[in-house]
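Contents: one structure, followed by commentary.
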Amino acid sequence: MKILHTGDIHLDSAFCAVSSTEANALRQHQRDILKKIFKIANEEACDMILISGDLFDTCYVTPETRELCLSLFSDFQKPIIISPGNHDPLVDGSFYKSSLLPENTFVFTSSELQYFDFPELKTTVAGYAFTSSVMTKSPLEGEVAQRENQPNLILCAHADLDSVATRYAPLLTSDILRHGFIYTALGHIHKVPETPEHIRYCGFPEGRGFDEQGDGGVLIVSIDDTGAVSAKRIITSDIRYLTEELSVTGMSCWEIERAVASRIEDMSRDCRTAIRLELVGVLTEDTLPDITSISKANNEQVISVEIINSTLCLPSSEGLEKDITLRGELYRTLKGKLMSDDREERRTALLALKIGLSAIDGKDFTDGGVL
Amino acid sequence: MRILELNIIEFGNIKDKNIRLENGLNIVFGDNEAGKSTVMLFIKFMLYGIPRRTAKSADRDRALNWSTRRASGNMKIEANGKSYRIERRADAYPKNDYLSMICLETGEPVEGEPGEVLLGIGIDAYESSCSIAQMKASEISRAGAASALDNMLVSSDESIDVQKVIKKLDEVRKEYKLNRGEGGIIYQTNIEINKLSEKQKSITEAHLLLQENTEKLERSEKSLSEIIASCESSEELLRQLRQVETLRRFELLDKAKAELEQTNSMTQEFLKEYSKQGKLPNETDNATLLNAYFTYREAQKKLSTRQSQYNSLPSIDKDSEQLASIGEEIEAKCGASTIMSYINSQHKKARMGRITAIACLCLSAVFGALSLVLLPLAIAAGVLVALGISFVFVSAKAKKKRDAACREYGKSFSELEAFLNSCTEALRQKRISSNEIISAKARLDEAEEIASASAHHLVELLEIYESVTDTSEEGLRALTDKHSANILSICEKRKDLALKKQSLVGRISDLEKELVGYDRQSLMASMTIDAEQATPELLAKTERAAAYYKNARISAEEKVRVLREAIIALRARISTSPVELADKICKLNEKLERDTHYYEALVLAMESIEGASSAMSGNVTPYLSRAAGEMMCALSNGKHPSVQTTKDLTLSVDQDGFLISADRLSGGTKDIAYICLRIALMQRLFENELPPLILDEALCQIDDTRTQGVLTALSELCYNSQCILFTCHSRELDICQKIGLPHNEIAL
Ligand SMILES: [Mn+2]
């Protein structure tokens, strides 16, 4: 039996980094990815689709998305099992309560464990629904219900695995094992963590921003007659978001330019990529190249380039070290934080140093002047 | 570090100029515009490069040769026991900047900015330490100059006023977040985010409700259309059934009309039948007949009564007849009373005569007796006897007359009166009886007449219907009964017919009224159901169904209406797409994050500057004031034994035993204090090897005596290093020559 396991698609997401027209285009693109997922399900001859929550970004679903989902679902014909997540909980008026859902769509409706039986596949899919954006009790707690005919038991769930204090369904691996699920299709954690082969997070199908790094995909799960599970990931994303650091310590202006360009080239090699490059290291202000010209790199694979200057972009940090004026003293005061292991602290300290130096020199230190 | 040689190829207004510099004091002398500051800029350029063009800095423009728009040159220096050659080229574009630094001993290139590598300080530190420009009294006000000294003392840089910096930072910080209460960009952004989130929540709710209601509406509309179909089909059936009813009424009308016709013809036949007999009896006729009969019967009854009355009258017996005849006689003799009054008067007269006679005789006896006594009385007695006797005679006569009268009727006086009365009575009785008989007879006759007349009348009436043969009472009665019944039955029948007609006419008119507007043909034509199916049960059932569906339709329509209204209201609530709002919120959150980051950095910057400043005031400031004070004392030949800082970190100079704050010092003293502070700073900065100390017109405000001291001190200070003094006056050269101070003179 073959299963397509997806989730965390977050259709109709908000996009804040772009204009509203572009945001609408991105939302349309999300729908295209959904189409792609169903196409993969058909090509791979999957017997069912498991959607482990967060199909939609909010309870509100745009008419376009609604229509697309209904038509894709009904065209697929084979079972589609959905476990509503914290972003798209099962509430009155939500898509999942629509009477228009086709017959092959099975949506869990309770925060208790429910079972859908598919005798022709000798499979039972267990699951539950978020009925609000929060779920603090694990539905797997308590007695394990005995199923007749001992079918292959699969769990499809939106959950925060082994995270006891979470507000998003604290499932425990021990509970999953106790219930005897041969495969557990999880959603919620977007950055796929290391898990056993039969307990998998599917990850997002395509990143929506720099907080969803890298290629997105779906899992094709094969379960053979002995109940052995193997899962492979198929890349579904057309675009990806990548953030990388580039150390530019000691580089001259054109060396930086070259390094940035080649890094952009590398990052955008196999996929259209939105790039965020964080320049780190120590740099003098004069050697920093014109960032805006780099951002507009003429490469079709590159969607956008965002260069974050996190260098110690100073006239001379060595000079500052020895500077006996207030500048040097300021630098020395902030030095501990500037060298901190905490990236945030480092960022703040760097900005504080820039602000402080600009203010000391009577330069513009406002938001626009420094950042 | 020492500069050995400057080789200016093209720079500012200078072309192809070579300047050699020595250890110790170098005095670069030239008029204004001769290029002194160009040379200083060239040194800075060689050490640190020229910055890109910015709004604040015109250094690059000043550095480029006016005609070629290029800058190039090299500089030979000695540092840490090695000599280096620095070569630079530049034009208007920073990316074309060229730099090479080669260690002349090894011939190897050295990486990095020469100033940073060799001096170990950045450009800012360089400018605030090695390079001492004139305190431009024309540009900086006296107070400004004083605060520059204060600044130098506190921040080791004349241009840094810590309090001002912090104040400026705090002003910007307040724009982001006020200390207390509400306000600031961050607060506003938060408010806006909350507002938008609320709105998004409400709109999302509205959307969900809308979705729910829309689906409900779809279902309700579907069920409504089903109800409407049922409603219409039941109404259609009902219409058909009512049509059947109407058609049935048409049939009833036909039937009624036929019946009416029949009734009319029956009436006519009936009339015809009786018109044969000449007369159609009516109830009056019956009443007349019955009246006549009753009159007849009454007359008969009365007749028989009269007959029996007459027959029962008594007859007069013989005695009464006799007595009556006597009575008649008496009546003839003026009646019994007259007779009796005569007899009675006679009787009285007899009685009175007797009584009187007795009385007279008695009296005469008395008198007679008395006459013996009195003879005369005997005469009276005699007269009385005579009178007595006469009355006896009178009485006897009256008695005789009485008895005579009595004898006439053969009765005694005592019986006579009764007898006479009985005779009179008998006569009266006789007379009464005969009157009665007469009147009874008359009545009888009358009754006979009436009876015969009534009988005649009755017979006459009966004869209308049939000839009367038996005129006996029985016969008449039977005939009367027969015909009366007959008449009555005729009347009844007639009445029945009339009633029937009336009811038929009424019914017809009712039906016709009901059927006005109905066209039987078209009704028949539009019939789709079998009339036989149209049972009353079906009709009742259909009526119930129609009523049910009508109600159901009303409530379903109401439901649909309510849902539609709710949907309109919800649509009105949805002013924008929640997704777009989410975009906005997302953007605001990003801004908030950026602002917060900036704010935190700003706060950190302020805290750090304050920290740095206080660290310096505890550490650098005392050192500076001590070192500068010593130098000041030496330079002024003890005139200013110390430089001190007050608690508020302003600089004061000890002069004639008084502490004079910097803003009240003379220009020259200030310049000396300035140079002392700068040199103190430099000494602190470069503990091992002093860099070249560059002074630009730094001594021009200082009097000759003190200039001599300063020059001597500089010469000593830079004995192992270098001091380059730029001046446009020959005074410094003169003083050096006068006191024999070794120096290298360079004319531009
Ligand atoms: Mn998710």
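We name chains A, B, ... following the order of the structure tokens; residues begin at 1 in each chain, and ligands are numbered from 1 as shown.
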Exercise for review: Residues of chain A no more than 8 Å from chain B, counting only C-alpha atoms: send them over as a VMD selection string.
Suggested key: chain A and resid 12 to 17 20 23 59 to 60 92 to 94 98 to 99 250 253 to 254 286 315 to 320 322 to 326 329 to 330 333 to 334 348 to 353 355 to 356 359 to 362 366 to 367
Check your understanding: Residues at most 12 Å from ligand 1, using only C-alpha atoms and all ligand atoms? Could they come as JSON, numbers by chain?
Key -> {"A": [6, 7, 8, 9, 10, 11, 13, 51, 52, 53, 54, 55, 56, 57, 58, 83, 84, 85, 86, 87, 88, 89, 133, 157, 158, 159, 160, 168, 186, 187, 188, 189, 190, 191, 192, 201, 202, 203, 204, 205, 206, 207, 208, 211, 212]}
Take the selection from the previous step and output its residues with N, CA and C atoms, as a compact mmCIF listing (two decimals), in the first residue's frame.
```
# COMPACT_ATOMS: atom_id res chain seq x y z
N THR A 6 1.24 14.36 3.57
CA THR A 6 1.58 15.77 3.48
C THR A 6 0.90 16.54 4.61
N GLY A 7 1.12 17.80 4.68
CA GLY A 7 0.55 18.63 5.74
C GLY A 7 1.31 19.94 5.79
N ASP A 8 0.91 20.78 6.73
CA ASP A 8 1.58 22.08 6.90
C ASP A 8 1.70 22.85 5.60
N ILE A 9 0.63 22.75 4.81
CA ILE A 9 0.67 23.44 3.51
C ILE A 9 0.36 24.93 3.70
N HIS A 10 -0.46 25.21 4.71
CA HIS A 10 -0.76 26.60 5.06
C HIS A 10 -1.24 27.41 3.86
N LEU A 11 -2.24 26.86 3.18
CA LEU A 11 -2.82 27.61 2.06
C LEU A 11 -3.40 28.92 2.58
N SER A 13 -1.88 31.70 3.15
CA SER A 13 -1.04 32.34 4.15
C SER A 13 -0.94 33.85 3.91
N ILE A 51 -3.41 13.98 5.31
CA ILE A 51 -3.04 15.39 5.50
C ILE A 51 -2.99 15.63 7.00
N SER A 52 -1.79 15.81 7.51
CA SER A 52 -1.63 15.84 8.96
C SER A 52 -1.71 17.27 9.50
N GLY A 53 -2.76 17.98 9.06
CA GLY A 53 -3.07 19.27 9.67
C GLY A 53 -2.44 20.46 8.98
N ASP A 54 -3.01 21.63 9.33
CA ASP A 54 -2.54 22.90 8.78
C ASP A 54 -2.54 22.89 7.25
N LEU A 55 -3.61 22.31 6.71
CA LEU A 55 -3.80 22.42 5.26
C LEU A 55 -3.99 23.90 4.92
N PHE A 56 -4.73 24.60 5.82
CA PHE A 56 -4.96 26.03 5.61
C PHE A 56 -4.26 26.81 6.72
N ASP A 57 -3.95 28.05 6.41
CA ASP A 57 -3.23 28.86 7.38
C ASP A 57 -4.16 29.36 8.48
N THR A 58 -5.44 29.60 8.12
CA THR A 58 -6.42 30.03 9.13
C THR A 58 -7.73 29.31 8.86
N SER A 83 -6.55 15.51 9.30
CA SER A 83 -6.56 15.75 10.73
C SER A 83 -6.37 17.26 10.93
N PRO A 84 -7.46 18.00 11.24
CA PRO A 84 -7.33 19.46 11.34
C PRO A 84 -6.28 19.87 12.38
N GLY A 85 -5.51 20.87 12.04
CA GLY A 85 -4.41 21.29 12.91
C GLY A 85 -4.71 22.55 13.70
N ASN A 86 -3.70 23.07 14.34
CA ASN A 86 -3.93 24.26 15.17
C ASN A 86 -4.20 25.50 14.34
N HIS A 87 -3.75 25.51 13.11
CA HIS A 87 -4.04 26.67 12.27
C HIS A 87 -5.42 26.59 11.63
N ASP A 88 -5.86 25.38 11.33
CA ASP A 88 -7.17 25.25 10.69
C ASP A 88 -8.07 24.33 11.49
N PRO A 89 -8.32 24.68 12.78
CA PRO A 89 -9.11 23.78 13.61
C PRO A 89 -10.54 23.62 13.08
N SER A 133 -7.45 26.45 18.53
CA SER A 133 -6.05 26.56 18.14
C SER A 133 -5.11 25.97 19.19
N ALA A 157 -1.88 12.77 12.45
CA ALA A 157 -2.10 13.72 13.54
C ALA A 157 -1.24 14.97 13.39
N HIS A 158 -1.79 16.03 13.95
CA HIS A 158 -1.05 17.29 14.05
C HIS A 158 -0.58 17.37 15.49
N ALA A 159 0.70 17.37 15.71
CA ALA A 159 1.14 17.25 17.10
C ALA A 159 2.57 17.74 17.27
N ASP A 160 2.85 17.99 18.54
CA ASP A 160 4.19 18.39 18.94
C ASP A 160 4.77 17.21 19.69
N TYR A 168 0.22 22.39 21.67
CA TYR A 168 -0.19 21.82 20.40
C TYR A 168 -0.07 20.30 20.42
N LEU A 186 2.82 12.70 10.95
CA LEU A 186 2.72 13.87 11.80
C LEU A 186 2.84 15.16 11.00
N GLY A 187 2.24 16.19 11.56
CA GLY A 187 2.40 17.53 11.02
C GLY A 187 2.63 18.47 12.17
N HIS A 188 3.03 19.66 11.88
CA HIS A 188 3.18 20.78 12.84
C HIS A 188 4.62 21.29 12.89
N ILE A 189 5.58 20.39 13.00
CA ILE A 189 6.96 20.86 13.05
C ILE A 189 7.45 21.00 11.60
N HIS A 190 7.72 22.23 11.22
CA HIS A 190 8.03 22.47 9.82
C HIS A 190 9.44 22.05 9.45
N LYS A 191 10.34 22.25 10.38
CA LYS A 191 11.71 21.85 10.12
C LYS A 191 11.82 20.40 10.57
N VAL A 192 11.85 19.50 9.58
CA VAL A 192 11.68 18.07 9.89
C VAL A 192 12.77 17.60 10.84
N TYR A 201 7.47 13.38 10.46
CA TYR A 201 6.90 14.68 10.11
C TYR A 201 7.10 14.87 8.62
N CYS A 202 6.09 15.41 7.93
CA CYS A 202 6.20 15.52 6.48
C CYS A 202 6.91 16.81 6.07
N GLY A 203 6.92 17.80 6.96
CA GLY A 203 7.52 19.10 6.58
C GLY A 203 6.60 19.87 5.66
N PHE A 204 7.01 21.06 5.35
CA PHE A 204 6.18 21.88 4.46
C PHE A 204 6.43 21.48 3.01
N PRO A 205 5.45 21.67 2.14
CA PRO A 205 5.67 21.31 0.73
C PRO A 205 6.42 22.39 -0.02
N GLU A 206 6.36 23.62 0.51
CA GLU A 206 7.18 24.67 -0.09
C GLU A 206 7.32 25.77 0.94
N GLY A 207 8.52 26.26 1.09
CA GLY A 207 8.74 27.31 2.08
C GLY A 207 7.98 28.57 1.72
N ARG A 208 7.60 29.28 2.76
CA ARG A 208 6.87 30.53 2.53
C ARG A 208 7.71 31.73 2.91
N ASP A 211 11.77 31.59 7.36
CA ASP A 211 11.64 30.71 8.52
C ASP A 211 11.31 29.29 8.09
N GLU A 212 11.14 29.07 6.79
CA GLU A 212 10.96 27.71 6.29
C GLU A 212 12.05 27.47 5.24
```
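For the pair atom CA of Gln240 of chain B and atom CA of Ala258 of chain B, the interatomic distance is 27.0 Å.
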Practice item. Mind the document's chain letters and residue numbers, and return as a ChimeraX atom specification the residues of segment 34-187 of chain A that DSSP labels helix (DSSP H, G or I). Key: /A:34-43,63-76,95-97,119-121,173-179
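If you count only C-alpha atoms and ignore residues fewer than 3 places along the chain from Lys232 of chain A, what sits within 10 Å of it is Leu4, Glu197, Gly217, Val218, Leu219, Ile220, Val221, Ser222 and Ile235 of chain A.
Atom CA of Ala34 of chain B to atom CA of Ser721 of chain B spans 25.8 Å [interatomic distance, one decimal].
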Check your understanding: Which residues come within 12 Å of Glu87 of chain B, counting only C-alpha atoms, excluding same-chain residues fewer than 3 positions away, as an MDAnalysis selection string?
Key -> chainID B and resid 5:9 42:43 45:49 71:77 84 90 97:103 109:110 113:114
Revision key, fill the gap. Expressed in Å, the length from atom CA of Leu370 of chain B to atom CA of Arg351 of chain B is 28.3 Å
Exercise for review: May I have the residues within 12 Å of segment 691-693 of chain B as a PyMOL selection string, using only C-alpha atoms and disregarding those fewer than 4 positions away in the same chain?
Suggested key: chain B and resi 1-4+21-27+40+43-44+47+77-80+115+118-121+126-133+675+678-687+698+714-715+717-726
Applying 10 Å and only C-alpha atoms, which residues near segment 147-155 of chain A remain after dropping the ones on its own chain fewer than 4 positions away? List them as a PDB file with N, CA, C and O atoms, in the first residue's frame.
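Saved file result-v1.pdb follows:
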```pdb
ATOM      1  N   LEU A  50      -2.798  11.251   3.311  1.00  0.00           N
ATOM      2  CA  LEU A  50      -2.958  11.694   4.699  1.00  0.00           C
ATOM      3  C   LEU A  50      -2.526  13.153   4.784  1.00  0.00           C
ATOM      4  O   LEU A  50      -1.426  13.502   4.336  1.00  0.00           O
ATOM      5  N   SER A  52      -1.790  15.805   7.510  1.00  0.00           N
ATOM      6  CA  SER A  52      -1.628  15.841   8.962  1.00  0.00           C
ATOM      7  C   SER A  52      -1.709  17.265   9.498  1.00  0.00           C
ATOM      8  O   SER A  52      -0.877  17.707  10.249  1.00  0.00           O
ATOM      9  N   SER A  83      -6.546  15.513   9.305  1.00  0.00           N
ATOM     10  CA  SER A  83      -6.559  15.749  10.731  1.00  0.00           C
ATOM     11  C   SER A  83      -6.370  17.256  10.933  1.00  0.00           C
ATOM     12  O   SER A  83      -5.273  17.765  10.777  1.00  0.00           O
ATOM     13  N   LEU A 113      -9.551  10.407  20.212  1.00  0.00           N
ATOM     14  CA  LEU A 113      -9.077   9.581  19.113  1.00  0.00           C
ATOM     15  C   LEU A 113     -10.257   8.970  18.359  1.00  0.00           C
ATOM     16  O   LEU A 113     -11.200   8.458  18.958  1.00  0.00           O
ATOM     17  N   GLN A 114     -10.212   9.066  17.025  1.00  0.00           N
ATOM     18  CA  GLN A 114     -11.256   8.486  16.186  1.00  0.00           C
ATOM     19  C   GLN A 114     -10.596   7.526  15.198  1.00  0.00           C
ATOM     20  O   GLN A 114      -9.392   7.600  14.956  1.00  0.00           O
ATOM     21  N   TYR A 115     -11.418   6.676  14.617  1.00  0.00           N
ATOM     22  CA  TYR A 115     -10.864   5.705  13.659  1.00  0.00           C
ATOM     23  C   TYR A 115     -11.683   5.703  12.382  1.00  0.00           C
ATOM     24  O   TYR A 115     -12.912   5.730  12.426  1.00  0.00           O
ATOM     25  N   PHE A 116     -11.020   5.717  11.246  1.00  0.00           N
ATOM     26  CA  PHE A 116     -11.681   5.488   9.968  1.00  0.00           C
ATOM     27  C   PHE A 116     -11.189   4.144   9.442  1.00  0.00           C
ATOM     28  O   PHE A 116      -9.976   3.923   9.328  1.00  0.00           O
ATOM     29  N   ASP A 117     -12.134   3.273   9.131  1.00  0.00           N
ATOM     30  CA  ASP A 117     -11.758   1.945   8.650  1.00  0.00           C
ATOM     31  C   ASP A 117     -11.813   1.903   7.136  1.00  0.00           C
ATOM     32  O   ASP A 117     -12.758   2.412   6.521  1.00  0.00           O
ATOM     33  N   PHE A 118     -10.781   1.284   6.547  1.00  0.00           N
ATOM     34  CA  PHE A 118     -10.771   1.065   5.101  1.00  0.00           C
ATOM     35  C   PHE A 118     -10.517  -0.420   4.861  1.00  0.00           C
ATOM     36  O   PHE A 118      -9.370  -0.839   4.642  1.00  0.00           O
ATOM     37  N   PRO A 119     -11.576  -1.215   4.937  1.00  0.00           N
ATOM     38  CA  PRO A 119     -11.405  -2.675   4.880  1.00  0.00           C
ATOM     39  C   PRO A 119     -10.746  -3.105   3.571  1.00  0.00           C
ATOM     40  O   PRO A 119      -9.927  -4.033   3.571  1.00  0.00           O
ATOM     41  N   LEU A 121      -8.474  -1.758   2.042  1.00  0.00           N
ATOM     42  CA  LEU A 121      -7.022  -1.568   2.151  1.00  0.00           C
ATOM     43  C   LEU A 121      -6.477  -2.272   3.395  1.00  0.00           C
ATOM     44  O   LEU A 121      -5.294  -2.154   3.712  1.00  0.00           O
ATOM     45  N   LYS A 122      -7.349  -2.943   4.103  1.00  0.00           N
ATOM     46  CA  LYS A 122      -6.999  -3.602   5.379  1.00  0.00           C
ATOM     47  C   LYS A 122      -6.307  -2.598   6.308  1.00  0.00           C
ATOM     48  O   LYS A 122      -5.310  -2.906   6.973  1.00  0.00           O
ATOM     49  N   THR A 123      -6.833  -1.412   6.297  1.00  0.00           N
ATOM     50  CA  THR A 123      -6.176  -0.333   7.026  1.00  0.00           C
ATOM     51  C   THR A 123      -7.201   0.455   7.844  1.00  0.00           C
ATOM     52  O   THR A 123      -8.334   0.637   7.409  1.00  0.00           O
ATOM     53  N   THR A 124      -6.759   0.870   8.998  1.00  0.00           N
ATOM     54  CA  THR A 124      -7.561   1.792   9.795  1.00  0.00           C
ATOM     55  C   THR A 124      -6.690   3.009  10.087  1.00  0.00           C
ATOM     56  O   THR A 124      -5.526   2.856  10.467  1.00  0.00           O
ATOM     57  N   VAL A 125      -7.270   4.195   9.854  1.00  0.00           N
ATOM     58  CA  VAL A 125      -6.517   5.412  10.143  1.00  0.00           C
ATOM     59  C   VAL A 125      -7.106   6.052  11.384  1.00  0.00           C
ATOM     60  O   VAL A 125      -8.299   6.336  11.433  1.00  0.00           O
ATOM     61  N   ALA A 126      -6.256   6.227  12.377  1.00  0.00           N
ATOM     62  CA  ALA A 126      -6.697   6.888  13.597  1.00  0.00           C
ATOM     63  C   ALA A 126      -6.271   8.350  13.540  1.00  0.00           C
ATOM     64  O   ALA A 126      -5.360   8.715  12.780  1.00  0.00           O
ATOM     65  N   GLY A 127      -6.948   9.137  14.317  1.00  0.00           N
ATOM     66  CA  GLY A 127      -6.576  10.553  14.326  1.00  0.00           C
ATOM     67  C   GLY A 127      -7.525  11.343  15.193  1.00  0.00           C
ATOM     68  O   GLY A 127      -8.410  10.793  15.852  1.00  0.00           O
ATOM     69  N   TYR A 128      -7.329  12.625  15.185  1.00  0.00           N
ATOM     70  CA  TYR A 128      -8.169  13.525  15.975  1.00  0.00           C
ATOM     71  C   TYR A 128      -8.111  14.883  15.320  1.00  0.00           C
ATOM     72  O   TYR A 128      -7.364  15.096  14.352  1.00  0.00           O
ATOM     73  N   ILE A 176       2.600   6.344  21.161  1.00  0.00           N
ATOM     74  CA  ILE A 176       2.472   5.906  19.764  1.00  0.00           C
ATOM     75  C   ILE A 176       2.843   4.427  19.656  1.00  0.00           C
ATOM     76  O   ILE A 176       2.151   3.632  19.034  1.00  0.00           O
ATOM     77  N   HIS A 179       0.161   2.180  21.210  1.00  0.00           N
ATOM     78  CA  HIS A 179      -1.022   1.987  20.370  1.00  0.00           C
ATOM     79  C   HIS A 179      -0.740   1.070  19.187  1.00  0.00           C
ATOM     80  O   HIS A 179      -1.657   0.592  18.551  1.00  0.00           O
ATOM     81  N   GLY A 180       0.511   0.880  18.882  1.00  0.00           N
ATOM     82  CA  GLY A 180       0.872  -0.033  17.806  1.00  0.00           C
ATOM     83  C   GLY A 180       0.630   0.506  16.419  1.00  0.00           C
ATOM     84  O   GLY A 180       0.261  -0.244  15.507  1.00  0.00           O
ATOM     85  N   PHE A 181       0.797   1.805  16.215  1.00  0.00           N
ATOM     86  CA  PHE A 181       0.643   2.349  14.869  1.00  0.00           C
ATOM     87  C   PHE A 181       1.826   1.902  14.027  1.00  0.00           C
ATOM     88  O   PHE A 181       2.982   2.037  14.454  1.00  0.00           O
ATOM     89  N   ILE A 182       1.537   1.371  12.840  1.00  0.00           N
ATOM     90  CA  ILE A 182       2.674   0.963  12.026  1.00  0.00           C
ATOM     91  C   ILE A 182       3.284   2.162  11.321  1.00  0.00           C
ATOM     92  O   ILE A 182       4.444   2.146  10.939  1.00  0.00           O
ATOM     93  N   TYR A 183       2.464   3.192  11.144  1.00  0.00           N
ATOM     94  CA  TYR A 183       3.034   4.435  10.623  1.00  0.00           C
ATOM     95  C   TYR A 183       2.324   5.612  11.289  1.00  0.00           C
ATOM     96  O   TYR A 183       1.107   5.578  11.500  1.00  0.00           O
ATOM     97  N   THR A 184       3.072   6.618  11.632  1.00  0.00           N
ATOM     98  CA  THR A 184       2.500   7.808  12.252  1.00  0.00           C
ATOM     99  C   THR A 184       2.842   9.004  11.381  1.00  0.00           C
ATOM    100  O   THR A 184       4.010   9.353  11.215  1.00  0.00           O
ATOM    101  N   ALA A 185       1.788   9.574  10.791  1.00  0.00           N
ATOM    102  CA  ALA A 185       1.968  10.723   9.899  1.00  0.00           C
ATOM    103  C   ALA A 185       1.746  11.985  10.703  1.00  0.00           C
ATOM    104  O   ALA A 185       0.636  12.287  11.108  1.00  0.00           O
ATOM    105  N   LEU A 186       2.824  12.698  10.947  1.00  0.00           N
ATOM    106  CA  LEU A 186       2.717  13.874  11.803  1.00  0.00           C
ATOM    107  C   LEU A 186       2.845  15.164  10.998  1.00  0.00           C
ATOM    108  O   LEU A 186       3.449  15.191   9.924  1.00  0.00           O
ATOM    109  N   HIS A 198       9.169   5.067  11.041  1.00  0.00           N
ATOM    110  CA  HIS A 198       7.707   4.903  11.022  1.00  0.00           C
ATOM    111  C   HIS A 198       6.982   6.017  11.776  1.00  0.00           C
ATOM    112  O   HIS A 198       5.789   5.970  11.958  1.00  0.00           O
ATOM    113  N   ILE A 199       7.692   7.012  12.243  1.00  0.00           N
ATOM    114  CA  ILE A 199       7.051   8.184  12.863  1.00  0.00           C
ATOM    115  C   ILE A 199       7.649   9.396  12.170  1.00  0.00           C
ATOM    116  O   ILE A 199       8.798   9.759  12.408  1.00  0.00           O
ATOM    117  N   ILE A 223       3.967   0.623   2.537  1.00  0.00           N
ATOM    118  CA  ILE A 223       3.829  -0.353   3.619  1.00  0.00           C
ATOM    119  C   ILE A 223       3.622  -1.705   2.942  1.00  0.00           C
ATOM    120  O   ILE A 223       2.669  -1.880   2.169  1.00  0.00           O
ATOM    121  N   ASP A 225       3.314  -6.083   2.867  1.00  0.00           N
ATOM    122  CA  ASP A 225       2.374  -6.983   3.525  1.00  0.00           C
ATOM    123  C   ASP A 225       2.808  -7.359   4.935  1.00  0.00           C
ATOM    124  O   ASP A 225       1.981  -7.669   5.780  1.00  0.00           O
ATOM    125  N   THR A 226       4.090  -7.270   5.163  1.00  0.00           N
ATOM    126  CA  THR A 226       4.545  -7.611   6.506  1.00  0.00           C
ATOM    127  C   THR A 226       4.427  -6.428   7.460  1.00  0.00           C
ATOM    128  O   THR A 226       4.717  -6.542   8.636  1.00  0.00           O
ATOM    129  N   GLY A 227       3.996  -5.308   6.927  1.00  0.00           N
ATOM    130  CA  GLY A 227       3.846  -4.129   7.771  1.00  0.00           C
ATOM    131  C   GLY A 227       5.104  -3.310   7.855  1.00  0.00           C
ATOM    132  O   GLY A 227       5.183  -2.369   8.635  1.00  0.00           O
TER     133      GLY A 227
END
```
Check your understanding: Near Glu244 of chain A, within 9 Å and counting only C-alpha atoms, which residues show up once chain neighbours fewer than 3 positions away are dropped, as a ChimeraX atom specification?
Key -> /A:263,267,275-279
Quick one: write out the picked residues with N, CA, C and O atoms as an mmCIF file, in the first residue's frame?
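File produced: selection11.cif:
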```
data_model
loop_
_atom_site.group_PDB
_atom_site.id
_atom_site.type_symbol
_atom_site.label_atom_id
_atom_site.label_comp_id
_atom_site.auth_asym_id
_atom_site.auth_seq_id
_atom_site.Cartn_x
_atom_site.Cartn_y
_atom_site.Cartn_z
ATOM 1 N N ARG A 263 28.603 32.731 -4.071
ATOM 2 C CA ARG A 263 27.745 32.055 -3.101
ATOM 3 C C ARG A 263 26.290 32.030 -3.588
ATOM 4 O O ARG A 263 25.602 31.015 -3.486
ATOM 5 N N MET A 267 24.038 28.789 -4.159
ATOM 6 C CA MET A 267 22.785 28.589 -3.435
ATOM 7 C C MET A 267 21.618 28.381 -4.382
ATOM 8 O O MET A 267 20.651 27.716 -4.053
ATOM 9 N N ILE A 275 17.230 34.185 -1.585
ATOM 10 C CA ILE A 275 18.472 34.066 -0.828
ATOM 11 C C ILE A 275 18.561 35.149 0.228
ATOM 12 O O ILE A 275 18.246 36.316 -0.028
ATOM 13 N N ARG A 276 18.961 34.705 1.396
ATOM 14 C CA ARG A 276 19.295 35.674 2.442
ATOM 15 C C ARG A 276 20.710 35.361 2.866
ATOM 16 O O ARG A 276 21.010 34.242 3.286
ATOM 17 N N LEU A 277 21.560 36.316 2.649
ATOM 18 C CA LEU A 277 22.976 36.099 2.915
ATOM 19 C C LEU A 277 23.385 37.018 4.035
ATOM 20 O O LEU A 277 23.215 38.230 3.952
ATOM 21 N N GLU A 278 23.891 36.434 5.066
ATOM 22 C CA GLU A 278 24.306 37.247 6.196
ATOM 23 C C GLU A 278 25.827 37.368 6.159
ATOM 24 O O GLU A 278 26.546 36.377 6.244
ATOM 25 N N LEU A 279 26.264 38.581 5.954
ATOM 26 C CA LEU A 279 27.711 38.803 5.923
ATOM 27 C C LEU A 279 28.189 38.932 7.354
ATOM 28 O O LEU A 279 27.672 39.741 8.120
#
```
